[in-house]
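This is query_37.csv. It holds CSV, C-alpha atoms and all ligand atoms.
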chain,number,residue,atom,x,y,z
A,1,MET,CA,-25.7,115.1,-39.0
A,2,SER,CA,-27.3,115.9,-35.7
A,3,TRP,CA,-25.8,115.5,-32.3
A,4,SER,CA,-27.7,112.2,-31.7
A,5,ASP,CA,-26.7,110.8,-35.1
A,6,LEU,CA,-23.1,111.3,-34.3
A,7,ALA,CA,-23.4,109.4,-31.1
A,8,MET,CA,-25.4,106.4,-32.5
A,9,ASN,CA,-24.1,103.1,-33.6
A,10,GLY,CA,-20.7,103.2,-32.2
A,11,ARG,CA,-18.6,100.0,-31.7
A,12,ILE,CA,-17.9,99.6,-28.0
A,13,LEU,CA,-15.5,97.3,-26.3
A,14,ILE,CA,-16.4,96.3,-22.8
A,15,VAL,CA,-13.5,95.0,-20.7
A,16,ASP,CA,-14.2,93.3,-17.3
A,17,ASP,CA,-12.9,90.1,-15.7
A,18,ALA,CA,-16.5,89.3,-14.4
A,19,MET,CA,-19.0,88.1,-17.1
A,20,GLU,CA,-22.0,89.4,-15.1
A,21,ASN,CA,-20.6,93.0,-15.2
A,22,ILE,CA,-20.1,92.7,-19.0
A,23,GLN,CA,-23.7,91.4,-19.3
A,24,ILE,CA,-25.2,94.4,-17.4
A,25,LEU,CA,-23.3,96.9,-19.7
A,26,HIS,CA,-24.0,94.9,-22.8
A,27,HIS,CA,-27.7,95.0,-21.9
A,28,ALA,CA,-27.6,98.8,-21.4
A,29,LEU,CA,-25.8,99.5,-24.7
A,30,GLN,CA,-26.8,96.8,-27.2
A,31,ASP,CA,-29.8,98.7,-28.6
A,32,GLU,CA,-27.8,101.6,-29.8
A,33,HIS,CA,-24.3,100.2,-30.3
A,34,ASP,CA,-22.3,97.3,-31.6
A,35,VAL,CA,-20.8,95.7,-28.5
A,36,LEU,CA,-17.6,93.7,-28.2
A,37,PHE,CA,-16.2,92.3,-25.0
A,38,ALA,CA,-13.0,91.1,-23.4
A,39,LEU,CA,-12.5,89.2,-20.1
A,40,SER,CA,-8.9,90.4,-19.6
A,41,GLY,CA,-6.6,93.3,-20.3
A,42,GLU,CA,-4.4,91.3,-22.6
A,43,LYS,CA,-7.4,90.2,-24.7
A,44,ALA,CA,-8.7,93.8,-24.7
A,45,LEU,CA,-5.5,95.1,-26.3
A,46,GLN,CA,-5.7,92.5,-29.0
A,47,ILE,CA,-9.4,93.3,-29.8
A,48,ALA,CA,-8.6,97.0,-29.8
A,49,HIS,CA,-6.0,96.6,-32.4
A,50,ASN,CA,-7.9,94.2,-34.6
A,51,GLN,CA,-11.4,95.7,-34.3
A,52,GLN,CA,-10.7,99.4,-33.8
A,53,PRO,CA,-13.7,100.1,-31.4
A,54,ASP,CA,-14.9,103.7,-31.1
A,55,LEU,CA,-14.9,103.5,-27.3
A,56,ILE,CA,-13.6,101.3,-24.5
A,57,LEU,CA,-15.4,100.7,-21.2
A,58,LEU,CA,-12.6,99.5,-18.9
A,59,ASP,CA,-12.7,97.8,-15.5
A,60,ALA,CA,-9.9,98.9,-13.2
A,61,VAL,CA,-9.3,95.8,-11.0
A,62,MET,CA,-8.5,92.7,-13.0
A,63,PRO,CA,-6.1,89.8,-12.5
A,64,GLY,CA,-3.1,90.0,-14.9
A,65,MET,CA,-3.0,93.4,-16.7
A,66,ASP,CA,-5.2,95.9,-14.7
A,67,GLY,CA,-7.2,98.8,-16.2
A,68,TYR,CA,-4.4,101.3,-15.6
A,69,GLU,CA,-1.9,99.2,-17.5
A,70,VAL,CA,-4.3,98.6,-20.3
A,71,CYS,CA,-4.9,102.4,-20.6
A,72,ALA,CA,-1.1,103.0,-20.6
A,73,ALA,CA,-0.5,100.4,-23.3
A,74,LEU,CA,-3.3,101.8,-25.5
A,75,ARG,CA,-1.7,105.3,-25.2
A,76,ALA,CA,1.7,103.9,-26.2
A,77,SER,CA,0.5,102.5,-29.5
A,78,ALA,CA,-0.3,104.9,-32.4
A,79,ALA,CA,-2.9,102.5,-33.9
A,80,VAL,CA,-5.1,102.6,-30.8
A,81,ARG,CA,-4.0,105.8,-29.1
A,82,ASP,CA,-7.1,107.8,-30.1
A,83,ILE,CA,-9.7,105.3,-28.8
A,84,PRO,CA,-11.3,106.9,-25.8
A,85,VAL,CA,-11.5,105.0,-22.6
A,86,ILE,CA,-14.1,105.3,-19.8
A,87,PHE,CA,-13.3,103.5,-16.6
A,88,VAL,CA,-16.3,101.6,-15.1
A,89,THR,CA,-15.2,100.3,-11.7
A,90,ALA,CA,-16.2,99.5,-8.1
A,91,LEU,CA,-13.4,101.8,-7.0
A,92,THR,CA,-14.8,105.1,-5.8
A,93,HIS,CA,-11.9,107.0,-4.2
A,94,PRO,CA,-10.9,110.4,-5.9
A,95,GLU,CA,-7.3,109.1,-6.0
A,96,ASP,CA,-8.4,106.1,-8.2
A,97,GLU,CA,-10.3,108.5,-10.5
A,98,THR,CA,-7.4,110.9,-10.7
A,99,ARG,CA,-5.1,108.0,-11.6
A,100,ALA,CA,-7.4,106.8,-14.3
A,101,LEU,CA,-7.7,110.3,-15.8
A,102,GLU,CA,-3.9,110.7,-15.6
A,103,ALA,CA,-3.5,107.3,-17.4
A,104,GLY,CA,-5.5,108.8,-20.3
A,105,ALA,CA,-9.1,107.9,-19.5
A,106,VAL,CA,-11.7,110.5,-20.7
A,107,ASP,CA,-14.3,109.6,-18.0
A,108,PHE,CA,-14.7,107.6,-14.8
A,109,ILE,CA,-17.9,105.8,-13.7
A,110,SER,CA,-18.2,104.3,-10.3
A,111,LYS,CA,-20.4,101.3,-9.5
A,112,PRO,CA,-23.2,101.0,-8.8
A,113,PHE,CA,-24.1,103.1,-11.8
A,114,ASN,CA,-27.3,104.4,-13.3
A,115,VAL,CA,-27.8,102.8,-16.7
A,116,ALA,CA,-29.3,106.0,-18.2
A,117,VAL,CA,-26.2,108.0,-17.0
A,118,VAL,CA,-23.8,105.4,-18.5
A,119,ARG,CA,-25.7,105.6,-21.8
A,120,ALA,CA,-25.5,109.4,-21.8
A,121,ARG,CA,-21.8,109.4,-21.0
A,122,VAL,CA,-21.1,106.9,-23.7
A,123,ARG,CA,-23.0,109.0,-26.2
A,124,THR,CA,-21.1,112.1,-25.2
A,125,GLN,CA,-17.7,110.4,-25.7
A,126,LEU,CA,-18.7,108.9,-29.0
A,127,THR,CA,-19.7,112.3,-30.3
A,128,VAL,CA,-16.4,113.9,-29.2
A,129,LYS,CA,-14.5,111.0,-30.8
A,130,ARG,CA,-16.3,111.4,-34.1
A,131,GLN,CA,-15.7,115.2,-34.1
A,132,ALA,CA,-12.1,114.6,-33.4
A,133,ASP,CA,-11.9,112.0,-36.2
A,134,ALA,CA,-13.6,114.4,-38.7
A,135,MET,CA,-11.3,117.2,-37.7
A,136,ARG,CA,-8.2,115.0,-38.2
A,137,GLU,CA,-9.5,113.8,-41.5
A,138,LEU,CA,-9.9,117.5,-42.6
A,139,THR,CA,-6.4,118.4,-41.6
A,140,LEU,CA,-4.9,115.5,-43.6
A,141,THR,CA,-7.0,115.8,-46.8
A,142,ASP,CA,-6.6,118.1,-49.8
A,143,ALA,CA,-9.9,119.9,-50.2
A,144,LEU,CA,-9.9,120.0,-54.0
A,145,THR,CA,-8.9,116.4,-54.9
A,146,GLY,CA,-9.8,114.5,-51.7
A,147,VAL,CA,-6.4,112.8,-51.7
A,148,ALA,CA,-3.9,113.2,-48.8
A,149,ASN,CA,-2.3,116.5,-48.4
A,150,ARG,CA,1.4,117.3,-47.8
A,151,ARG,CA,1.1,117.2,-44.0
A,152,SER,CA,-0.4,113.7,-44.2
A,153,PHE,CA,2.3,112.6,-46.6
A,154,ASN,CA,5.1,113.8,-44.3
A,155,GLU,CA,3.6,112.0,-41.4
A,156,ALA,CA,3.2,108.8,-43.5
A,157,ILE,CA,6.7,108.8,-45.0
A,158,ASP,CA,8.3,109.3,-41.6
A,159,ASN,CA,6.4,106.3,-40.2
A,160,GLU,CA,7.0,104.1,-43.2
A,161,TRP,CA,10.6,105.1,-43.3
A,162,ARG,CA,11.1,103.7,-39.8
A,163,ARG,CA,9.1,100.6,-40.5
A,164,CYS,CA,11.1,99.9,-43.7
A,165,ALA,CA,14.4,100.5,-41.9
A,166,ARG,CA,13.4,98.0,-39.2
A,167,SER,CA,12.5,95.3,-41.7
A,168,GLY,CA,15.4,96.2,-44.1
A,169,VAL,CA,13.2,96.7,-47.1
A,170,GLU,CA,13.2,99.3,-49.8
A,171,MET,CA,10.9,102.3,-50.3
A,172,ALA,CA,10.1,104.2,-53.4
A,173,VAL,CA,8.6,107.6,-54.1
A,174,VAL,CA,7.2,109.0,-57.4
A,175,MET,CA,7.1,112.7,-57.8
A,176,ILE,CA,4.5,113.8,-60.5
A,177,ASP,CA,4.0,117.2,-62.1
A,178,ILE,CA,1.4,118.1,-64.7
A,179,ASP,CA,3.0,119.3,-67.9
A,180,HIS,CA,2.4,122.9,-69.0
A,181,PHE,CA,-0.4,123.4,-66.5
A,182,LYS,CA,-0.1,127.1,-66.5
A,183,HIS,CA,-0.9,127.1,-70.2
A,184,TYR,CA,-3.8,124.8,-69.5
A,185,ASN,CA,-5.3,127.3,-67.1
A,186,ASP,CA,-4.6,130.1,-69.6
A,187,ALA,CA,-6.3,128.2,-72.4
A,188,TYR,CA,-9.3,126.6,-70.6
A,189,GLY,CA,-9.8,128.6,-67.4
A,190,HIS,CA,-9.1,128.0,-63.8
A,191,GLN,CA,-12.3,126.0,-63.2
A,192,ALA,CA,-11.3,123.5,-66.0
A,193,GLY,CA,-7.9,123.4,-64.4
A,194,ASP,CA,-9.4,122.4,-61.1
A,195,LEU,CA,-11.4,119.7,-62.8
A,196,CYS,CA,-8.3,118.5,-64.5
A,197,LEU,CA,-6.5,118.2,-61.2
A,198,GLN,CA,-9.4,116.1,-59.9
A,199,GLN,CA,-9.4,113.8,-62.9
A,200,VAL,CA,-5.6,113.4,-62.9
A,201,SER,CA,-5.5,112.6,-59.1
A,202,ALA,CA,-8.3,110.1,-59.5
A,203,ALA,CA,-6.4,108.4,-62.3
A,204,MET,CA,-3.2,108.2,-60.2
A,205,LYS,CA,-5.2,106.8,-57.3
A,206,ARG,CA,-6.2,103.9,-59.5
A,207,CYS,CA,-2.5,103.2,-60.0
A,208,ALA,CA,-1.4,103.4,-56.4
A,209,GLY,CA,-4.4,103.9,-54.1
A,210,ARG,CA,-4.4,101.0,-51.7
A,211,PRO,CA,-2.6,101.1,-48.4
A,212,PRO,CA,0.3,101.3,-47.6
A,213,ASP,CA,0.7,103.1,-50.9
A,214,LEU,CA,-0.2,106.8,-50.5
A,215,LEU,CA,-1.0,109.4,-53.1
A,216,ALA,CA,-0.7,113.0,-51.9
A,217,ARG,CA,-1.1,116.4,-53.4
A,218,TYR,CA,2.3,117.9,-52.7
A,219,GLY,CA,1.8,121.4,-54.2
A,220,GLY,CA,-0.3,123.1,-56.7
A,221,GLU,CA,-0.2,120.7,-59.7
A,222,GLU,CA,2.4,118.5,-58.1
A,223,PHE,CA,1.7,115.1,-56.6
A,224,ILE,CA,3.8,112.5,-54.8
A,225,ILE,CA,3.3,108.8,-54.3
A,226,LEU,CA,4.8,106.9,-51.4
A,227,LEU,CA,5.4,103.2,-52.1
A,228,PRO,CA,6.6,101.4,-49.0
A,229,GLN,CA,8.3,98.0,-49.5
A,230,VAL,CA,8.6,98.7,-53.2
A,231,GLY,CA,11.9,98.7,-55.1
A,232,ALA,CA,12.8,100.2,-58.5
A,233,ASP,CA,11.0,97.5,-60.5
A,234,GLY,CA,7.7,98.0,-58.7
A,235,ALA,CA,8.0,101.7,-58.8
A,236,GLU,CA,8.6,101.6,-62.6
A,237,VAL,CA,5.4,99.6,-63.0
A,238,VAL,CA,3.5,102.3,-61.2
A,239,ALA,CA,5.0,105.1,-63.3
A,240,LYS,CA,4.2,103.3,-66.5
A,241,ARG,CA,0.7,102.7,-65.3
A,242,ILE,CA,0.3,106.4,-64.5
A,243,LEU,CA,1.4,107.4,-68.0
A,244,ASP,CA,-1.2,104.9,-69.4
A,245,GLU,CA,-4.0,106.0,-67.2
A,246,ILE,CA,-3.4,109.7,-67.9
A,247,ARG,CA,-3.4,109.1,-71.6
A,248,LEU,CA,-6.7,107.2,-71.3
A,249,LEU,CA,-8.2,110.3,-69.7
A,250,GLN,CA,-7.8,112.0,-73.1
A,251,ILE,CA,-8.1,115.5,-71.6
A,252,PRO,CA,-7.4,118.0,-74.5
A,253,HIS,CA,-4.5,120.3,-74.0
A,254,LYS,CA,-3.9,122.2,-77.2
A,255,ALA,CA,-1.5,124.7,-75.6
A,256,SER,CA,1.0,122.0,-74.5
A,257,SER,CA,4.2,121.4,-76.4
A,258,VAL,CA,3.8,117.7,-75.8
A,259,GLY,CA,0.0,117.7,-76.4
A,260,PRO,CA,-2.6,117.6,-77.7
A,261,LEU,CA,-3.6,115.9,-74.5
A,262,VAL,CA,-2.8,116.5,-70.8
A,263,THR,CA,0.4,114.7,-69.8
A,264,VAL,CA,2.6,114.4,-66.7
A,265,SER,CA,6.3,114.1,-65.9
A,266,MET,CA,7.7,112.0,-63.1
A,267,GLY,CA,10.8,111.4,-61.0
A,268,VAL,CA,11.1,107.9,-59.5
A,269,ALA,CA,13.5,107.3,-56.7
A,270,THR,CA,14.2,104.4,-54.3
A,271,ALA,CA,16.1,104.1,-51.1
A,272,LEU,CA,16.9,101.5,-48.5
A,273,PRO,CA,15.8,103.4,-45.4
A,274,ASP,CA,18.2,103.8,-42.5
A,275,GLU,CA,17.0,104.6,-39.0
A,276,ASN,CA,19.8,107.1,-38.6
A,277,ALA,CA,18.7,109.1,-41.7
A,278,ASP,CA,15.5,110.7,-42.8
A,279,PRO,CA,13.6,110.6,-46.1
A,280,SER,CA,14.5,114.1,-47.3
A,281,ALA,CA,17.3,112.9,-49.6
A,282,LEU,CA,15.0,110.4,-51.3
A,283,ILE,CA,12.5,113.2,-52.0
A,284,ARG,CA,15.2,115.5,-53.3
A,285,THR,CA,16.3,112.7,-55.6
A,286,ALA,CA,12.8,112.2,-56.9
A,287,ASP,CA,12.5,116.0,-57.4
A,288,ALA,CA,15.8,116.1,-59.4
A,289,LEU,CA,14.7,113.2,-61.6
A,290,LEU,CA,11.3,115.0,-62.2
A,291,TYR,CA,13.3,118.0,-63.3
A,292,ARG,CA,15.3,115.8,-65.7
A,293,ALA,CA,12.0,114.4,-67.1
A,294,LYS,CA,10.9,117.9,-67.8
A,295,GLU,CA,14.2,118.9,-69.4
A,296,THR,CA,14.3,115.8,-71.6
A,297,GLY,CA,10.9,116.3,-73.2
A,298,ARG,CA,8.1,115.8,-70.6
A,299,ASN,CA,5.4,113.1,-70.7
A,300,ARG,CA,7.8,110.6,-69.2
A,301,TYR,CA,9.5,109.3,-66.1
A,302,CYS,CA,13.1,109.4,-65.1
A,303,MET,CA,14.7,107.1,-62.6
B,1,LIG,P1,5.9,122.5,-66.4
B,1,LIG,O1,5.5,121.6,-67.5
B,1,LIG,O2,7.3,122.9,-66.5
B,1,LIG,O3,5.5,121.9,-65.0
B,1,LIG,O4,5.0,123.8,-66.5
B,1,LIG,P2,3.7,124.3,-65.6
B,1,LIG,O5,3.1,125.4,-66.4
B,1,LIG,O6,2.9,123.1,-65.3
B,1,LIG,O7,4.5,124.7,-64.3
B,1,LIG,P3,4.3,126.1,-63.5
B,1,LIG,O8,4.9,125.8,-62.2
B,1,LIG,O9,4.9,127.2,-64.2
B,1,LIG,O10,2.8,126.3,-63.3
B,1,LIG,C1,2.0,125.6,-62.5
B,1,LIG,C2,0.6,126.1,-62.7
B,1,LIG,O11,-0.4,125.3,-61.9
B,1,LIG,C3,0.4,127.5,-62.2
B,1,LIG,C4,-0.8,127.5,-61.3
B,1,LIG,O12,-1.7,128.5,-61.7
B,1,LIG,C5,-1.4,126.2,-61.5
B,1,LIG,N1,-2.1,125.7,-60.3
B,1,LIG,C6,-1.6,125.4,-59.2
B,1,LIG,N2,-2.5,125.0,-58.3
B,1,LIG,C7,-3.7,125.1,-58.9
B,1,LIG,C8,-5.1,124.8,-58.6
B,1,LIG,O13,-5.4,124.4,-57.5
B,1,LIG,N3,-6.0,124.9,-59.6
B,1,LIG,C9,-5.7,125.4,-60.8
B,1,LIG,N4,-6.7,125.5,-61.7
B,1,LIG,N5,-4.4,125.6,-61.2
B,1,LIG,C10,-3.4,125.5,-60.3
B,2,MG,MG,-12.7,93.4,-12.0
B,3,MG,MG,3.7,121.6,-64.1
B,4,MG,MG,5.0,122.4,-60.8

Could you spell out this file's structure in structure tokens?
Amino acid sequence: MSWSDLAMNGRILIVDDAMENIQILHHALQDEHDVLFALSGEKALQIAHNQQPDLILLDAVMPGMDGYEVCAALRASAAVRDIPVIFVTALTHPEDETRALEAGAVDFISKPFNVAVVRARVRTQLTVKRQADAMRELTLTDALTGVANRRSFNEAIDNEWRRCARSGVEMAVVMIDIDHFKHYNDAYGHQAGDLCLQQVSAAMKRCAGRPPDLLARYGGEEFIILLPQVGADGAEVVAKRILDEIRLLQIPHKASSVGPLVTVSMGVATALPDENADPSALIRTADALLYRAKETGRNRYCM
């Protein structure tokens, strides 16, 4: 992707209490971008949450919530924190600009502005945003399987733990480990082992792949599934489905004591999250139950 491709076709939210100002910016940007608009700060926050724009052009002086307050509110909410904000305002004083940057804006454009300059600055910020998004995606994804990595899982379980604690609902985790995978590598080679990991993770994703469920690669041939708002019954359904899906893959494993196909063992644990505790005990329990599944014959789940 080239520099200009990265900057093209962003979704931009224009926020201004004066419709004529919105129209001028809309006219300047509509050829290259998908443009949304809001006539108040309150409405802007709502649209930011619902539509997830790539960039916000924000007026400073508005009745009700002003631009600085909007900026602060965006920064305070994880779901919209990373959306860059450019102030576009009749204010021209360096103090106003400093205040905007301190509130979290990435740029500040004073009116009257030059349309070409606005377009160029918008493109720059969209490019930076896309690069940051791509970087974040890389840091949260396992390169071999494309599923979430352990760092991503840890972030998600901490967030979901708090969310479940607040709403008083259960959470489940399923810890999964491929049976006799060392023998698999020894018998079929490391490349075949990598392919097996990809097939097994894709199969598990079919069992628990839609948000807020999260499948992550936890270690070498070990995976973990986070099931927020799910109790023992729901988690057991997922575990059974995983056994079925892995069986349907029919990956030969002649060196496995439970073969002749690739199988997995699982530990399934649930908890009612408490805001004064953390999820580590839940993960330890799932791990202990996985160990029990191994000890009692593999190709099964324990809960
Ligand atoms: P068990 O049934 O008790 O889980 O036995 P196991 O052989 O699966 O367990 P062990 O922990 O002894 O071995 C795990 C193996 O997984 C060893 C390691 O080479 C392999 N492995 C880990 N990560 C990868 C990977 O990314 N690719 C491949 N091909 N193999 C991997
Ligand atoms: Mg205004
Ligand atoms: Mg194993
Ligand atoms: Mg293992």

Hey, can you check how far CA of Arg136 in chain A sits from CA of Leu214 in chain A? 16.8 Å

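The interatomic distance for the pair CA of Cys164 in chain A and CA of Val268 in chain A works out to 17.7 Å.
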
One decimal, Å: what's the distance from atom P2 of ligand LIG 1 (chain B) over to CA of Arg241 in chain A, could you say? 21.8 Å

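The list of residues within 6 Å of (3.7, 115.3, -70.6), counted using all atoms listed in the file, is Asp179, Val258, Thr263, Val264, Ser265, Arg298 and Asn299 of chain A.
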
Pick from A:Gln23, A:Asp16, A:Asn114, A:Leu227: nearest to Ala38 in chain A, with only C-alpha atoms counted? A:Asp16

Give the residue list for ligand LIG 1 (chain B) at 8 Å, counting all atoms listed in the file, as a list in words, sorted by chain and then by residue number. Leu144, Asp177, Ile178, Asp179, His180, Phe181, Lys182, His183, Tyr184, Asn185, Gly189, His190, Gln191, Ala192, Gly193, Asp194, Leu195, Cys196, Leu197, Gly219, Gly220, Glu221, Val264, Ser265, Lys294 and Arg298 of chain A

So, counting only C-alpha atoms and all ligand atoms, which residue among A:Ala78, A:Ala165, A:Ala90, A:Val70 is closest to ligand MG 2 (chain B)? A:Ala90

Around the point (9.1, 101.5, -56.6) in the file's coordinates, collect all residues with an atom within 7 Å, using all atoms listed in the file, and return them as a PyMOL selection string. chain A and resi 171-173+227+230-236+270

Once you have the residues from the selection above, write them out as a tab-separated table (two decimals), in the frame of the given file, restricted to C-alpha atoms.
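The result, written out as again-v4.tsv:
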chain	number	residue	atom	x	y	z
A	171	MET	CA	10.90	102.30	-50.30
A	172	ALA	CA	10.10	104.20	-53.40
A	173	VAL	CA	8.60	107.60	-54.10
A	227	LEU	CA	5.40	103.20	-52.10
A	230	VAL	CA	8.60	98.70	-53.20
A	231	GLY	CA	11.90	98.70	-55.10
A	232	ALA	CA	12.80	100.20	-58.50
A	233	ASP	CA	11.00	97.50	-60.50
A	234	GLY	CA	7.70	98.00	-58.70
A	235	ALA	CA	8.00	101.70	-58.80
A	236	GLU	CA	8.60	101.60	-62.60
A	270	THR	CA	14.20	104.40	-54.30

Could you list, as a PyMOL selection string, all residues that come within 6 Å of ligand MG 2 (chain B)? Count all atoms listed in the file. chain A and resi 16-17+59+61-62

Atoms to include: C-alpha atoms. Write the selected residues as a PDB file, keeping the file's coordinate frame.
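Listed below is the output, result-v1.pdb:
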ATOM      1  CA  ASP A  16     -14.200  93.300 -17.300  1.00  0.00           C
ATOM      2  CA  ASP A  17     -12.900  90.100 -15.700  1.00  0.00           C
ATOM      3  CA  ASP A  59     -12.700  97.800 -15.500  1.00  0.00           C
ATOM      4  CA  VAL A  61      -9.300  95.800 -11.000  1.00  0.00           C
ATOM      5  CA  MET A  62      -8.500  92.700 -13.000  1.00  0.00           C
TER       6      MET A  62
END

Find the residues around Ala60 in chain A up to 12 Å (only C-alpha atoms counted), leave out those fewer than 3 positions away in its own chain, and share them as number ranges by chain. A: 14-18, 40-41, 57, 63-71, 85-92, 96-97, 99-101, 103, 105, 108-111

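Nearest-residue note for ligand MG 3 (chain B): choosing from A:Met266, A:Ala288, A:Ala73, A:Ser201, the minimum distance belongs to A:Met266, counting all atoms listed in the file.
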
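Minimum distance to ligand MG 3 (chain B) across A:Leu36, A:Val238, A:Leu290, A:Leu74 (counting only C-alpha atoms and all ligand atoms) occurs at A:Leu290.
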
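Take the candidates A:Arg150, A:Ala132, A:Met175, A:Leu261 and check each one against ligand MG 4 (chain B) using all atoms listed in the file; the shortest distance goes to A:Met175.
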
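Nearest to ligand MG 3 (chain B) of all the residues A:Ile176, A:Tyr188, A:Val80, A:Ile224 is A:Ile176, based on only C-alpha atoms and all ligand atoms.
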
Shell around Gly10 in chain A at 9 Å using all atoms listed in the file, local window under 5 positions removed, as a VMD selection string: chain A and resid 32 to 35 53 to 55 123 126
